[in-house]
Amino acid sequence: MLSWAVVLLAVGWAVAPHLFTSYSPFAGDATASFAPPSADHWFGTDRLGRDLYARSVYGARTTLTATLLAVLIAFGAGAGVGLIAGFAGGVVDTAIMRVVDVFLAIPSLLLAMVLVSVLGYSTNNIALAVGVSSIASFARVMRSQVLTVVHQDYVRAAYGLGVSRLGVLARHVVPNSLSSVVALAALEVGAGVLAVASLGFLGYGAPPPQPEWGLLVAEGRDYVAVHPWASILPGLALATVVIATHRISTSLRRENR
Amino acid sequence: MTESLLEITDLAVDYRTGRRTWTPAVDGVSLHVDPGEFVSLVGESGSGKTTLIQGALGLLPVAARIRSGTVAYSGVDVTGFNDRRMALVRGTYVGFVPQDPNTSLNPVRRVGAQVQEAVPEKKREAALESLRLAGLEDVERVFRSYPHELSGGMKQRALIAIALAGQPKIIVADEPTSALDVTVQKRILDHLVSLRETLGIGILLVTHDLGVAQDRSDRILVMNKGRIVDEDHEYTRRLFAANPARQPAREPRPAGGRVVLRATGLTKEYGTLRALDGVDLAVREGTTHAVVGESGAGKSTLAGILAGFAKPGAGTVHVGDRELTGLNRKQLREVRRDLQYVFQNPFTSLDPRFTVRRLIAEPLRAYQLPAGDRVTELLAAVSLDESFLDRLPAQLSGGQRQRVAIARALALRPKILVLDEAVSALDVSVQDQILKLLTRLQDERGLSYVFVTHDLGVVRLVADDVTVMKDGAVVENGPAACVLRDPEHDYTRHLLDAIPGVKL
Amino acid sequence: MTGVARYTALKVGRALFVVWAAFTVTFVLLFVLPADPVDLLFDPAELNAIPPEVKEQVAANYGFNEPVILQYLNRLGHALTGDFGSSVQSGKPVTGAILEVLPSTLVLASAALVLATLIAFGIALAATATRRTWLRDLLESLPSGAVSVPVFLSGILVLQVFSFQLGWFPAFGDQGWRSLVLPLITLAIPVAGPIAQLLVRSFTTEFAAGYVTTGWAKGGTRGGIIVRDVLRNASLPALTIAGVTFGNLIAGSVITETVFARRGLGRMTQTAINTLDVPLVAGIVVLVAATFAVINLIVDLIYPLLDPRLRASLTAGVAP
């Protein structure tokens with residue numbers, strides 16, 4: 001329940017940031033640089049005196065939009081590829097899975113870094129890179145799920161009743177495979193936020209004045225010895241969202257059983 | 001008076017079903033087993049017999065609690081014992097033989113080490129002796145083997161050896177043979193009886209199979225809904241009546257009739273294993289043709305080929321005049337209107353996301369036939385009313401599910417049903433009802449059945465013809481009445497001898 | 001051919017294919033896809049100031065004027081001898097540059113792997129052994145926490161607490177074992193998470209297995225059953241995620257080395273990508289993919305030795 005509340009709040013931040021803070025994420029009060037957290041500035045302020053809570057709220061839009069896009073790419077392409085491999089079987093399956101093996105051999109963060117460097121630095125390209133680099137693992141999970149379902153008696157039974165291959169695929173295989181992959185997609189949202197923020201932290205995302213969660217941590221990092229909240233509080237906001245998506249994923253998986 | 005080896009008094013066990021709610025699984029059960037006594041506890045699934053045994057051994061799951069009552073071994077009350085103290089009782093006072101030999105031995109350790117661990121002094125010689133006592137030969141080899149290198153029967157004997165290793169005074173066996181073939185079952189149970197005689201120990205056998213209990217027990221206790229019911233209770237009488245061995249054989253029907261399904265020279269190979277080896281079969285119109293065999297006989301492979309799920313290596317299958325083998329997918333779909341299949345396990349053969357209405361309408365939809373009233377009509381044919389239409393499989397009992405599966409198979413008005421162990425997963429009383437339903441439907445609709453089963457006792461009740469299989473080949477073939485009364489082949493005789501509950 | 005030989009040949013073949021394909025993918029990504037690969041070799045800010053003749057010269061040096069297929073074969077041929085060209089930034093051979101920083105990452109990564117495995121087993125064993133439900137719930141929620149906290153945040157937290165507040169360990173640099181402690185902890189946590197998740201699940205499954213009941217019935221105690229019977233069965237599946245673990249180690253060391261300003265492969269990767277040092281990036285990706293393939297190959301080959309059932313199906317010649 002609490003987890004849903006956290007995720008909803010984060011989505012609220014992303015959709016209508018101005019409802020959650022009256023400060024601007026860009027304009028700062030240079031005289032109030034590095035103010036510690038207070039009633040006025042919940043997360044304190046940064047070097048330029050910008051309110052860090054406002055920057056975190058506005059940062060949700062950048063990070064979550066990129067994550068959503070990444071998960072849609074990974075889920076759409078991965079589930080499609082996995083479904084084809086698992087359902088078609090034989091040579092098609094073997095060919096697809098050998099290709100998937102290759103992409104699994106390159107750690108997804110590394111692959112995403114290479115992709116971003118080729119595509120150019122921007123939040124959209126981060127989304128694309130993170131999405132593409134998780135297609136392979138999604139495809140593998142979907143395929144194994146499809147294989148489990150395909151070998152169930154009720155699928156054999158449907159063939160026995162004279163249902164066509166397409167009918168079996170649409171009415172039995174897809175709904176029964178998806179239900180457990182959806183729980184995984186929730187998990188992937190968490191992993192996606194982490195990947196997007198990691199790339200942002202490394203500096204491959206939006207250019208500096210833009211607020212983005214990973215970038216906020218990176219900006220505060222240089223002053224961590226003296227002003228720890230500047231990087232830790234935005235980071236904690238990020239971690240809280242990820243933990244919430246994990247808990248939701250776990251409860252979805254329990255329901256499926 | 002000698003003290004009972006095991007004395008359970010007024011035991012009640014509850015399961016946690018909510019935050020503060022508990023549901024009783026065992027409700028005030030008392031029983032005792034005396035030295036040298038063979039007691040059977042018979043019950044169907046959900047009767048609470050397994051929970052009772054877990055309670056007696058102190059192996060209840062975390063979600064269960066003992067509400068009241070006591071468990072005593074040789075006069076020592078062990079009810080409140082913690083794991084550490086209970087560990088001293090288990091193995092030395094009471095030995096336990098579990099249900100499924102295939103999962104009850106540690107797969108990555110050698111059998112010998114697992115037996116040796118159970119011997120009080122951990123001596124190798126004692127472990128070998130225990131294996132010998134359990135009726136195993138070549139014990140040195142068994143000692144060195146991994147579980148997967150042994151047959152099911154040998155694994156169960158190894159588990160008996162483990163149970164005997166601590167020289168217990170009583171052995172509790174929970175469905176020790178339900179995962180094994182009938183001939184193996186007979187040997188294992190006979191051995192348990194002989195152990196009781198040679199060692200003077202007591203045995204408590206838990207089983208769902210009344211026949212198994214009747215053949216060997218000094219006393220039979222029947223359990224239903226968490227209680228032990230007495231002999232002239234209505235449930236007990238119903239259970240006894242449902243026992244296939246107690247029922248009249250099927251009225252023999254006239255020979256002759258048109259052949260609706262014919263298989264000729266079927267073979268099938270998986271790698272180097274020959275699953276089918278030149279099998280012939282002819283099913284006459286409006287009759288039941290039983291295919292009988294133990295595990296590995298190839299009967300499921302045969303059923304799969306007859307139903308068009310798999311292609312044979314060689315040989316042909318004819319449905320009426322049409323050849324099934326070599327058809328493409330589209331032609332096969334046409335044949336399926338005449339030939340339908342019912343699976344063994346109604347818990348896996350129904351899509352969990354479909355309602356009963358959708359399940360039964362599915363074949364109609366596949367051939368673009370109107371569903372409408374046909375679904376309720378089919379439901380009525382299997383004696384289920386309209387209140388079931390919108391339920392999901394999870395809300396049905398095993399018997400109800402199998403009825404839905406049968407209704408679904410009948411939707412296209414087929415001529416032939418292939419029933420692959422279609423009653424084997426059900427309790428005896430439910431099995432009895434489904435068999436009667438199948439017979440009625442056959443009489444009403446002139447259906448032909450291929451009835452695949454491992455249970456010769458059931459064959460007597462339903463079959464007109466029977467084919468006995470062993471190791472992928474047909475051993476014997478003929479009218480059921482003749483084959484069962486006067487088998488020609490040794491193997492058939494062997495199988496008939498092993499049917500529990502006929503020596504009455 | 002015997003089952004074992006066929007199995008081995010199949011697995012080795014697959015590993016070789018993965019390495020070759022990873023090389024090809026990298027080549028396509030870095031040398032073919034960019035509109036003008038030469039541009040990648042220069043700093044984007046100065047790109048317009050560079051005269052065309054210089055570009056032409058550099059392109060010729062790198063062989064970009066030749067047909068793609070020739071470039072590919074040329075690079076593949078050199079790669080087979082361990083030659084990935086020279087780093088654009090430093091001018092040093094790629095292989096040499098990688099070998100120079102590799103030891104420091106290897107020390108960090110292997111120490112982190114050991115620590116992560118210990119943590120994961122500790123959590124799984126404790127969660128299985130305890131009879132207290134609240135303690136088990138708490139322990140079981142730890143792994144998902146470990147994978148939820150971003151490495152850069154846990155790094156900064158660790159740094160803040162143990163270096164700036166308590167002053168126990170140095171914050172940056174790579175001198176001596178004391179500077180290894182904080183990066184080690186930072187890297188071990190996210191690596192331990194998935195292993196612990198898998199172990200907790202497989203310990204729970206195995207603890208409900210039939211042979212455990214047999215163990216109890218023999219008169220076994222909880223501890224004895226866990227150590228003698230459950231441990232080995234439940235640990236085996238952890239090997240199946242060896243590849244994923246390796247990926248986590250690589251990704252984790254990129255960020256850990258950046259946070260702690262340590263020398264190593266991770267930081268070099270980041271620098272190489274920041275400066276668009278194409279040959280160096282290509283070399284690193286192929287090295288990582290090759291290591292991944294070797295690790296999976298080793299797991300595939302030793303798994304049958306640890307599981308007698310799989311060994312039997314191999315010697316019987318039936319495909320597993």
# chains A, B, ... in the order shown; residues from 1 in each chain; ligands from 1
$ interface_residues --of "chain A" --to "chain C" --cutoff "7 Å" --atoms "only C-alpha atoms" --output "ChimeraX atom specification"
/A:101-102,105-107,109-110,114,117-118,194,225,232,235,239,242-243,246
$ write_last_selection --atoms "C-alpha atoms" --output "compact mmCIF listing (two decimals), in the first residue's frame"
# COMPACT_ATOMS: atom_id res chain seq x y z
CA ASP A 101 23.24 -14.71 -25.98
CA VAL A 102 25.55 -12.22 -27.65
CA ALA A 105 27.39 -11.21 -22.96
CA ILE A 106 27.82 -7.43 -22.90
CA PRO A 107 26.74 -6.06 -19.48
CA LEU A 109 25.30 -0.72 -18.47
CA LEU A 110 28.34 -1.06 -20.72
CA VAL A 114 28.46 2.55 -25.84
CA SER A 117 28.25 7.55 -27.00
CA VAL A 118 27.31 6.63 -30.57
CA LEU A 194 18.64 2.88 -11.66
CA ALA A 225 32.39 16.04 2.63
CA ILE A 232 22.28 12.14 -0.37
CA GLY A 235 19.65 9.97 -3.96
CA ALA A 239 16.21 4.79 -3.85
CA VAL A 242 13.08 1.92 -6.65
CA ILE A 243 12.42 0.03 -3.41
CA HIS A 246 10.45 -3.81 -6.03
$ interface_residues --of "chain A" --to "chain B" --cutoff "6 Å" --atoms "only C-alpha atoms" --output "ChimeraX atom specification"
/A:153-154,161-163
$ closest_atom_pairs --of "chain C" --to "chain B" --cutoff "10 Å" --atoms "only C-alpha atoms" --output "CSV"
residue,atom,partner,partner_atom,distance
C:Arg131,CA,B:Val62,CA,9.1
C:Thr133,CA,B:Val62,CA,9.4
C:Ala208,CA,B:Pro61,CA,9.7
C:Ala209,CA,B:Thr103,CA,7.0
C:Gly210,CA,B:Ser104,CA,4.2
C:Tyr211,CA,B:Ser104,CA,4.0
C:Val212,CA,B:Ser104,CA,7.5
C:Thr213,CA,B:Ser104,CA,7.4
C:Thr214,CA,B:Ser104,CA,6.1
C:Gly215,CA,B:Ala118,CA,8.6
C:Trp216,CA,B:Ala87,CA,7.2
C:Ala217,CA,B:Arg90,CA,5.4
C:Lys218,CA,B:Gly91,CA,4.6
C:Gly219,CA,B:Ala87,CA,4.3
C:Gly220,CA,B:Ala87,CA,6.0
C:Thr221,CA,B:Ala87,CA,6.3
C:Arg222,CA,B:Asp83,CA,7.8
C:Arg228,CA,B:Arg109,CA,9.3
C:Asp229,CA,B:Asn106,CA,6.6
C:Val230,CA,B:Asn106,CA,8.6
C:Arg232,CA,B:Val108,CA,7.7
C:Asn233,CA,B:Val108,CA,7.0
C:Leu306,CA,B:Val108,CA,7.9
C:Asp307,CA,B:Val108,CA,6.1
C:Pro308,CA,B:Val108,CA,6.1
C:Arg309,CA,B:His148,CA,6.5
C:Ala312,CA,B:Glu149,CA,8.4
C:Ala316,CA,B:Thr272,CA,9.7
C:Gly317,CA,B:Gly271,CA,8.8
C:Val318,CA,B:Gly271,CA,7.2
C:Ala319,CA,B:Gly271,CA,9.3
$ write_last_selection --atoms "N, CA, C and O atoms" --output "short mmCIF file (atom, residue, chain, number, x, y, z; two decimals), in the first residue's frame"
data_model
loop_
_atom_site.label_atom_id
_atom_site.label_comp_id
_atom_site.auth_asym_id
_atom_site.auth_seq_id
_atom_site.Cartn_x
_atom_site.Cartn_y
_atom_site.Cartn_z
N ARG C 131 13.77 -19.71 13.31
CA ARG C 131 12.39 -20.14 13.47
C ARG C 131 11.50 -18.93 13.70
O ARG C 131 10.30 -19.05 13.83
N THR C 133 9.58 -15.79 12.64
CA THR C 133 9.03 -15.31 11.38
C THR C 133 9.47 -13.88 11.09
O THR C 133 9.84 -13.56 9.96
N ALA C 208 11.68 -27.29 1.67
CA ALA C 208 10.36 -27.93 1.65
C ALA C 208 10.40 -29.25 0.88
O ALA C 208 9.38 -29.89 0.69
N ALA C 209 11.60 -29.66 0.42
CA ALA C 209 11.70 -30.85 -0.42
C ALA C 209 11.48 -32.12 0.39
O ALA C 209 11.61 -32.14 1.61
N GLY C 210 11.15 -33.18 -0.33
CA GLY C 210 10.86 -34.46 0.32
C GLY C 210 12.01 -34.99 1.14
O GLY C 210 11.81 -35.54 2.23
N TYR C 211 13.23 -34.82 0.64
CA TYR C 211 14.36 -35.41 1.37
C TYR C 211 14.60 -34.72 2.71
O TYR C 211 15.24 -35.29 3.59
N VAL C 212 14.10 -33.50 2.86
CA VAL C 212 14.21 -32.83 4.15
C VAL C 212 13.30 -33.51 5.18
O VAL C 212 13.71 -33.75 6.32
N THR C 213 12.09 -33.87 4.74
CA THR C 213 11.20 -34.64 5.61
C THR C 213 11.88 -35.94 6.03
O THR C 213 11.84 -36.33 7.20
N THR C 214 12.51 -36.61 5.04
CA THR C 214 13.25 -37.83 5.38
C THR C 214 14.31 -37.52 6.42
O THR C 214 14.50 -38.31 7.35
N GLY C 215 14.99 -36.40 6.25
CA GLY C 215 16.02 -36.00 7.21
C GLY C 215 15.46 -35.84 8.61
O GLY C 215 16.04 -36.35 9.58
N TRP C 216 14.33 -35.17 8.72
CA TRP C 216 13.69 -35.02 10.04
C TRP C 216 13.35 -36.40 10.60
O TRP C 216 13.58 -36.67 11.78
N ALA C 217 12.76 -37.24 9.73
CA ALA C 217 12.30 -38.55 10.20
C ALA C 217 13.46 -39.40 10.69
O ALA C 217 13.30 -40.25 11.55
N LYS C 218 14.65 -39.18 10.14
CA LYS C 218 15.84 -39.91 10.58
C LYS C 218 16.27 -39.48 11.96
O LYS C 218 17.18 -40.05 12.54
N GLY C 219 15.71 -38.40 12.45
CA GLY C 219 16.15 -37.87 13.73
C GLY C 219 17.14 -36.73 13.56
O GLY C 219 17.88 -36.41 14.48
N GLY C 220 17.15 -36.12 12.37
CA GLY C 220 18.08 -35.02 12.12
C GLY C 220 17.63 -33.74 12.81
O GLY C 220 16.46 -33.57 13.13
N THR C 221 18.57 -32.84 13.06
CA THR C 221 18.23 -31.53 13.64
C THR C 221 18.24 -30.50 12.52
O THR C 221 18.80 -30.73 11.45
N ARG C 222 17.63 -29.35 12.79
CA ARG C 222 17.52 -28.29 11.78
C ARG C 222 18.88 -27.95 11.17
O ARG C 222 19.05 -27.97 9.96
N ARG C 228 23.93 -30.68 5.89
CA ARG C 228 24.20 -31.93 5.16
C ARG C 228 23.39 -32.05 3.88
O ARG C 228 23.89 -32.55 2.88
N ASP C 229 22.12 -31.65 3.91
CA ASP C 229 21.27 -31.93 2.77
C ASP C 229 20.93 -30.71 1.92
O ASP C 229 21.02 -30.74 0.71
N VAL C 230 20.49 -29.64 2.57
CA VAL C 230 19.94 -28.51 1.82
C VAL C 230 21.04 -27.70 1.13
O VAL C 230 20.92 -27.33 -0.03
N ARG C 232 23.96 -28.04 -0.36
CA ARG C 232 24.50 -28.29 -1.70
C ARG C 232 23.42 -28.17 -2.77
O ARG C 232 23.64 -27.55 -3.81
N ASN C 233 22.25 -28.72 -2.50
CA ASN C 233 21.18 -28.63 -3.49
C ASN C 233 20.77 -27.18 -3.75
O ASN C 233 20.46 -26.81 -4.87
N LEU C 306 29.08 -31.34 -10.49
CA LEU C 306 28.50 -31.12 -9.18
C LEU C 306 27.12 -31.75 -9.04
O LEU C 306 26.65 -31.98 -7.94
N ASP C 307 26.46 -32.00 -10.17
CA ASP C 307 25.13 -32.60 -10.11
C ASP C 307 25.15 -33.98 -10.76
O ASP C 307 25.22 -34.10 -11.98
N PRO C 308 25.09 -35.04 -9.95
CA PRO C 308 25.20 -36.39 -10.50
C PRO C 308 24.11 -36.73 -11.52
O PRO C 308 24.34 -37.52 -12.42
N ARG C 309 22.93 -36.07 -11.40
CA ARG C 309 21.86 -36.39 -12.35
C ARG C 309 22.22 -35.94 -13.75
O ARG C 309 22.04 -36.64 -14.73
N ALA C 312 24.88 -38.06 -15.29
CA ALA C 312 24.37 -39.33 -15.80
C ALA C 312 23.71 -39.14 -17.16
O ALA C 312 23.92 -39.93 -18.07
N ALA C 316 24.93 -40.90 -20.65
CA ALA C 316 23.98 -41.74 -21.35
C ALA C 316 23.76 -41.24 -22.77
O ALA C 316 23.12 -41.90 -23.57
N GLY C 317 24.30 -40.05 -23.10
CA GLY C 317 24.20 -39.55 -24.46
C GLY C 317 22.88 -38.87 -24.76
O GLY C 317 22.58 -38.54 -25.89
N VAL C 318 22.05 -38.65 -23.73
CA VAL C 318 20.80 -37.93 -23.95
C VAL C 318 21.07 -36.45 -23.72
O VAL C 318 21.72 -36.08 -22.75
N ALA C 319 20.55 -35.64 -24.61
CA ALA C 319 20.76 -34.20 -24.44
C ALA C 319 20.12 -33.71 -23.15
O ALA C 319 19.00 -34.10 -22.84
#
$ residues_around --residues "Asp77 (chain B)" --least-positions-apart "5" --cutoff "12 Å" --atoms "only C-alpha atoms" --output "list in words"
Ser4, Leu5, Leu6, Glu7, Ile8, Thr9, Ala56, Gly58, Gly69, Thr70, Val71, Ala72, Arg85, Met86 and Val89 of chain B
$ write_last_selection --atoms "N, CA and C atoms" --output "mmCIF file, in the first residue's frame"
data_model
loop_
_atom_site.group_PDB
_atom_site.id
_atom_site.type_symbol
_atom_site.label_atom_id
_atom_site.label_comp_id
_atom_site.auth_asym_id
_atom_site.auth_seq_id
_atom_site.Cartn_x
_atom_site.Cartn_y
_atom_site.Cartn_z
ATOM 1 N N SER B 4 0.837 -49.379 24.330
ATOM 2 C CA SER B 4 0.759 -49.118 22.894
ATOM 3 C C SER B 4 2.049 -48.451 22.427
ATOM 4 N N LEU B 5 2.489 -48.797 21.169
ATOM 5 C CA LEU B 5 3.691 -48.170 20.617
ATOM 6 C C LEU B 5 3.414 -46.717 20.286
ATOM 7 N N LEU B 6 2.221 -46.500 19.775
ATOM 8 C CA LEU B 6 1.803 -45.134 19.462
ATOM 9 C C LEU B 6 0.392 -44.964 19.972
ATOM 10 N N GLU B 7 0.190 -43.944 20.746
ATOM 11 C CA GLU B 7 -1.161 -43.691 21.240
ATOM 12 C C GLU B 7 -1.484 -42.215 21.014
ATOM 13 N N ILE B 8 -2.461 -41.974 20.152
ATOM 14 C CA ILE B 8 -2.920 -40.616 19.892
ATOM 15 C C ILE B 8 -4.269 -40.457 20.582
ATOM 16 N N THR B 9 -4.380 -39.425 21.410
ATOM 17 C CA THR B 9 -5.618 -39.240 22.164
ATOM 18 C C THR B 9 -6.233 -37.883 21.852
ATOM 19 N N ALA B 56 1.636 -36.425 14.501
ATOM 20 C CA ALA B 56 2.187 -37.517 15.302
ATOM 21 C C ALA B 56 3.708 -37.494 15.295
ATOM 22 N N GLY B 58 5.520 -34.769 14.795
ATOM 23 C CA GLY B 58 6.044 -33.450 15.134
ATOM 24 C C GLY B 58 6.559 -32.714 13.914
ATOM 25 N N GLY B 69 -5.186 -32.427 22.734
ATOM 26 C CA GLY B 69 -4.889 -33.835 22.559
ATOM 27 C C GLY B 69 -3.425 -34.149 22.795
ATOM 28 N N THR B 70 -3.100 -35.437 22.820
ATOM 29 C CA THR B 70 -1.724 -35.853 23.094
ATOM 30 C C THR B 70 -1.277 -36.914 22.106
ATOM 31 N N VAL B 71 0.046 -36.965 21.912
ATOM 32 C CA VAL B 71 0.679 -38.023 21.135
ATOM 33 C C VAL B 71 1.702 -38.678 22.050
ATOM 34 N N ALA B 72 1.640 -39.997 22.195
ATOM 35 C CA ALA B 72 2.584 -40.681 23.077
ATOM 36 C C ALA B 72 3.197 -41.871 22.369
ATOM 37 N N ARG B 85 14.298 -32.199 21.143
ATOM 38 C CA ARG B 85 13.903 -33.404 21.874
ATOM 39 C C ARG B 85 13.203 -34.387 20.951
ATOM 40 N N MET B 86 12.432 -33.831 19.995
ATOM 41 C CA MET B 86 11.701 -34.694 19.064
ATOM 42 C C MET B 86 12.679 -35.476 18.189
ATOM 43 N N VAL B 89 13.305 -38.791 19.407
ATOM 44 C CA VAL B 89 12.206 -39.754 19.258
ATOM 45 C C VAL B 89 12.169 -40.289 17.835
#
$ residues_around --residues "Pro237 (chain C)" --least-positions-apart "5" --cutoff "12 Å" --atoms "only C-alpha atoms" --output "PyMOL selection string"
chain C and resi 195-203+205-206+231-232+242+299-300+303+306-307
$ write_last_selection --atoms "N, CA and C atoms" --output "PDB file, in the first residue's frame"
ATOM      1  N   ILE C 195      22.354 -12.459  -5.909  1.00  0.00           N
ATOM      2  CA  ILE C 195      22.755 -13.794  -5.448  1.00  0.00           C
ATOM      3  C   ILE C 195      21.921 -14.180  -4.235  1.00  0.00           C
ATOM      4  N   ALA C 196      21.780 -13.221  -3.303  1.00  0.00           N
ATOM      5  CA  ALA C 196      21.019 -13.520  -2.086  1.00  0.00           C
ATOM      6  C   ALA C 196      19.551 -13.797  -2.415  1.00  0.00           C
ATOM      7  N   GLN C 197      18.983 -13.012  -3.341  1.00  0.00           N
ATOM      8  CA  GLN C 197      17.591 -13.252  -3.737  1.00  0.00           C
ATOM      9  C   GLN C 197      17.417 -14.682  -4.228  1.00  0.00           C
ATOM     10  N   LEU C 198      18.328 -15.093  -5.110  1.00  0.00           N
ATOM     11  CA  LEU C 198      18.232 -16.439  -5.659  1.00  0.00           C
ATOM     12  C   LEU C 198      18.424 -17.496  -4.582  1.00  0.00           C
ATOM     13  N   LEU C 199      19.416 -17.280  -3.708  1.00  0.00           N
ATOM     14  CA  LEU C 199      19.694 -18.274  -2.670  1.00  0.00           C
ATOM     15  C   LEU C 199      18.539 -18.385  -1.689  1.00  0.00           C
ATOM     16  N   VAL C 200      17.975 -17.249  -1.276  1.00  0.00           N
ATOM     17  CA  VAL C 200      16.857 -17.298  -0.330  1.00  0.00           C
ATOM     18  C   VAL C 200      15.727 -18.127  -0.931  1.00  0.00           C
ATOM     19  N   ARG C 201      15.452 -17.871  -2.230  1.00  0.00           N
ATOM     20  CA  ARG C 201      14.382 -18.612  -2.889  1.00  0.00           C
ATOM     21  C   ARG C 201      14.719 -20.098  -2.950  1.00  0.00           C
ATOM     22  N   SER C 202      15.950 -20.428  -3.356  1.00  0.00           N
ATOM     23  CA  SER C 202      16.234 -21.842  -3.547  1.00  0.00           C
ATOM     24  C   SER C 202      16.396 -22.561  -2.204  1.00  0.00           C
ATOM     25  N   PHE C 203      16.861 -21.864  -1.172  1.00  0.00           N
ATOM     26  CA  PHE C 203      16.891 -22.495   0.156  1.00  0.00           C
ATOM     27  C   PHE C 203      15.466 -22.784   0.624  1.00  0.00           C
ATOM     28  N   THR C 205      12.778 -23.294  -1.256  1.00  0.00           N
ATOM     29  CA  THR C 205      12.252 -24.412  -2.032  1.00  0.00           C
ATOM     30  C   THR C 205      12.822 -25.734  -1.534  1.00  0.00           C
ATOM     31  N   GLU C 206      14.153 -25.768  -1.410  1.00  0.00           N
ATOM     32  CA  GLU C 206      14.788 -27.023  -1.032  1.00  0.00           C
ATOM     33  C   GLU C 206      14.416 -27.443   0.384  1.00  0.00           C
ATOM     34  N   LEU C 231      22.139 -27.459   1.842  1.00  0.00           N
ATOM     35  CA  LEU C 231      23.167 -26.525   1.375  1.00  0.00           C
ATOM     36  C   LEU C 231      23.583 -26.773  -0.073  1.00  0.00           C
ATOM     37  N   ARG C 232      23.957 -28.037  -0.364  1.00  0.00           N
ATOM     38  CA  ARG C 232      24.499 -28.293  -1.698  1.00  0.00           C
ATOM     39  C   ARG C 232      23.421 -28.166  -2.772  1.00  0.00           C
ATOM     40  N   ALA C 242      26.012 -16.837 -12.711  1.00  0.00           N
ATOM     41  CA  ALA C 242      27.404 -16.360 -12.700  1.00  0.00           C
ATOM     42  C   ALA C 242      27.602 -15.247 -13.727  1.00  0.00           C
ATOM     43  N   VAL C 299      31.087 -22.559 -16.089  1.00  0.00           N
ATOM     44  CA  VAL C 299      29.910 -23.006 -15.329  1.00  0.00           C
ATOM     45  C   VAL C 299      29.258 -24.197 -16.022  1.00  0.00           C
ATOM     46  N   ASP C 300      29.080 -24.101 -17.348  1.00  0.00           N
ATOM     47  CA  ASP C 300      28.456 -25.202 -18.081  1.00  0.00           C
ATOM     48  C   ASP C 300      29.257 -26.490 -17.946  1.00  0.00           C
ATOM     49  N   TYR C 303      29.178 -27.700 -13.970  1.00  0.00           N
ATOM     50  CA  TYR C 303      27.859 -28.032 -13.405  1.00  0.00           C
ATOM     51  C   TYR C 303      27.615 -29.537 -13.367  1.00  0.00           C
ATOM     52  N   LEU C 306      29.077 -31.342 -10.494  1.00  0.00           N
ATOM     53  CA  LEU C 306      28.502 -31.115  -9.179  1.00  0.00           C
ATOM     54  C   LEU C 306      27.123 -31.752  -9.041  1.00  0.00           C
ATOM     55  N   ASP C 307      26.462 -32.003 -10.168  1.00  0.00           N
ATOM     56  CA  ASP C 307      25.134 -32.599 -10.108  1.00  0.00           C
ATOM     57  C   ASP C 307      25.150 -33.982 -10.761  1.00  0.00           C
TER      58      ASP C 307
END
$ atom_distance --atom1 "CA of Val184 (chain B)" --atom2 "CA of Leu426 (chain B)"
21.2 Å
$ residues_around --residues "Leu118 (chain C)" --least-positions-apart "6" --cutoff "12 Å" --atoms "only C-alpha atoms" --output "NGL selection string"
:C and (111-112 or 124-126 or 188-189 or 191-193 or 195-196 or 199)
$ atom_distance --atom1 "CA of Val100 (chain A)" --atom2 "CA of Leu119 (chain A)"
21.7 Å
$ residues_around --residues "Thr240 (chain A)" --least-positions-apart "4" --cutoff "8 Å" --atoms "only C-alpha atoms" --output "compact mmCIF listing (two decimals) with N, CA, C and O atoms, in the first residue's frame"
# COMPACT_ATOMS: atom_id res chain seq x y z
N VAL A 6 4.07 5.72 -2.67
CA VAL A 6 5.36 6.31 -3.08
C VAL A 6 5.42 6.46 -4.59
O VAL A 6 5.80 7.52 -5.12
N LEU A 236 18.34 9.52 -1.97
CA LEU A 236 17.41 8.73 -1.17
C LEU A 236 16.01 8.73 -1.80
O LEU A 236 15.31 7.71 -1.77
N ALA A 244 10.16 0.88 -3.70
CA ALA A 244 8.71 0.74 -3.81
C ALA A 244 8.33 -0.12 -5.01
O ALA A 244 7.48 -1.00 -4.91
$ select_by_dssp --residues "region 76-219 of chain B" --states "strand (DSSP E)" --output "MDAnalysis selection string"
chainID B and resid 76:77 94:97 170:174 202:207 219
$ atom_distance --atom1 "CA of Ser145 (chain B)" --atom2 "CA of Glu294 (chain B)"
24.5 Å
$ residues_around --residues "Ile220 (chain B)" --least-positions-apart "4" --cutoff "12 Å" --atoms "only C-alpha atoms" --output "PyMOL selection string"
chain B and resi 31-33+37-43+203-216+228-231+236+240
$ select_by_dssp --residues "region 227-450 of chain B" --states "helix (DSSP H, G or I)" --output "MDAnalysis selection string"
chainID B and resid 234:242 244:246 299:306 329:336 356:366 373:381 386:388 393:395 398:410 428:445
